[in-house]
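Visitor: Sharing a structure here in structure tokens format.
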Amino acid sequence: MTPYPSAPTATHMLQTFDSQLENLHALTLDLLHLTLSRLESALKALSSKNCELALNIIASSPQIYQLARTMDSEILNVLARQQPLAGDLRMVIAMTRITTELEKINSEICDIAHLILTVFEPRLGGFNHEVPLKIATMGQALETMLKKLLTAFWKRRTQPAYALLANSTDYETQLQTCIQEQLGIA
């Protein structure tokens with residue numbers, strides 16, 4: 001009796017592994033698309049002063065976080081059961097990092113939606129008109145970065161994806177500063 005699986009069993013294990021990787025790739029792309037869609041909606045709500053759209057963005061947050069939890073669970077499952085090596089491991093790690101960064105970006109998008117409600121709710125009055133413009137400019141830059149990330153990840157190019165993720169932290173910091181300025185926290 002050998003400790004190694006037979007050829008049919010090994011083939012089945014590879015097919016299962018490939019299937020799991022494809023599923024993770026599809027889930028990551030779904031999360032990227034949802035994040036990009038929410039950002040576009042937030043920018044639209046900001047430019048049109050649409051509080052209803054901002055409320056919809058806030059209401060969609062649980063869906064994003066559930067998808068991220070599903071991703072985390074699937075990634076851990078693949079790591080524990082398949083023990084990927086080399087390129088496959090790099091791809092799984094990239095998916096982990098992308099998921100983490102997209103969760104942060106989605107949190108910022110939700111903050112933008114809350115800011116829209118604060119700024120444009122008629123009963124609250126008075127705000128700094130420059131802050132929404134700064135946020136819109138940064139949001140457009142973030143949107144461009146997410147589209148590039150989506151393309152890089154879709155083409156399965158992890159190095160450009162890592163480089164783009166490094167830039168997202170700068171956007172988050174700038175966005176938080178603008179939100180704090182608007183709310184009078186800074």
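In the structure tokens, chains take the letters A, B, ... in the order shown, each chain's residues start at 1, and ligands count up from 1 in the order shown.
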Using only C-alpha atoms, I'd like a table of the residues in segment 53-157 of chain A that come within 8 Å of segment 15-27 of chain A; for each, show the closest atom pair and its distance in Å rounded to one decimal, ordered by chain and ascending number, as JSON lines.

Guide:
{"residue": "A:Leu67", "atom": "CA", "partner": "A:Leu27", "partner_atom": "CA", "distance": 7.8}
{"residue": "A:Met71", "atom": "CA", "partner": "A:Leu27", "partner_atom": "CA", "distance": 6.7}
{"residue": "A:Glu74", "atom": "CA", "partner": "A:Leu24", "partner_atom": "CA", "distance": 7.0}
{"residue": "A:Ile75", "atom": "CA", "partner": "A:Leu24", "partner_atom": "CA", "distance": 7.2}
{"residue": "A:Val78", "atom": "CA", "partner": "A:Gln20", "partner_atom": "CA", "distance": 7.0}
{"residue": "A:Gln82", "atom": "CA", "partner": "A:Phe17", "partner_atom": "CA", "distance": 6.7}
{"residue": "A:Val92", "atom": "CA", "partner": "A:Leu21", "partner_atom": "CA", "distance": 7.8}
{"residue": "A:Met95", "atom": "CA", "partner": "A:His25", "partner_atom": "CA", "distance": 7.5}

Visitor: With segment 40-60 of chain A as the partner and 9 Å as the cut-off, tabulate the residues of segment 68-164 of chain A that qualify, each row holding the nearest pair of atoms and their distance in Å to one decimal, using only C-alpha atoms, sorted by chain and rising number, as a tab-separated table.

Guide:
residue	atom	partner	partner_atom	distance
A:Ile109	CA	A:Ala42	CA	6.7
A:Cys110	CA	A:Ile58	CA	5.6
A:Asp111	CA	A:Ile58	CA	8.6
A:Ile112	CA	A:Ala42	CA	6.8
A:Ala113	CA	A:Ala54	CA	4.6
A:His114	CA	A:Ala54	CA	7.1
A:Leu115	CA	A:Ala54	CA	8.8
A:Ile116	CA	A:Leu46	CA	6.1
A:Leu117	CA	A:Cys51	CA	5.6
A:Val119	CA	A:Lys49	CA	8.6
A:Phe120	CA	A:Lys49	CA	6.1
A:Glu121	CA	A:Cys51	CA	7.2
A:Pro132	CA	A:Leu46	CA	7.0
A:Leu133	CA	A:Ser47	CA	8.6
A:Ile135	CA	A:Leu43	CA	8.5
A:Ala136	CA	A:Leu43	CA	6.1
A:Gly139	CA	A:Leu43	CA	6.8
A:Gln140	CA	A:Leu43	CA	7.7
A:Glu143	CA	A:Glu40	CA	7.4

Visitor: Please provide the set of residues having any atom within 12 Å of Met91 of chain A, restricted to only C-alpha atoms, with same-chain residues fewer than 4 positions apart removed, written as a list in words.

Guide: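 Contacts, with the query itself left out: Leu21, Glu22, Leu24, His25, Thr28, Ile75, Val78, Leu79, Pro84, Leu85, Ala86, Gly87, Met95, Thr96, Arg97, Ile98, Ala152, Phe153, Trp154, Lys155, Arg156, Arg157, Thr158, Gln159, Ala161 and Tyr162 of chain A.
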
Visitor: Nearest to Arg38 of chain A among A:Leu149, A:Ile93, A:Ile64, A:Ala141, with distances taken over only C-alpha atoms: which residue is it?

Guide: A:Ile64

Visitor: Find the distance between atom CA of Leu32 of chain A and atom CA of Leu76 of chain A and write it in Å to one decimal.

Guide: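 That distance, rounded to one decimal, is 19.5 Å.
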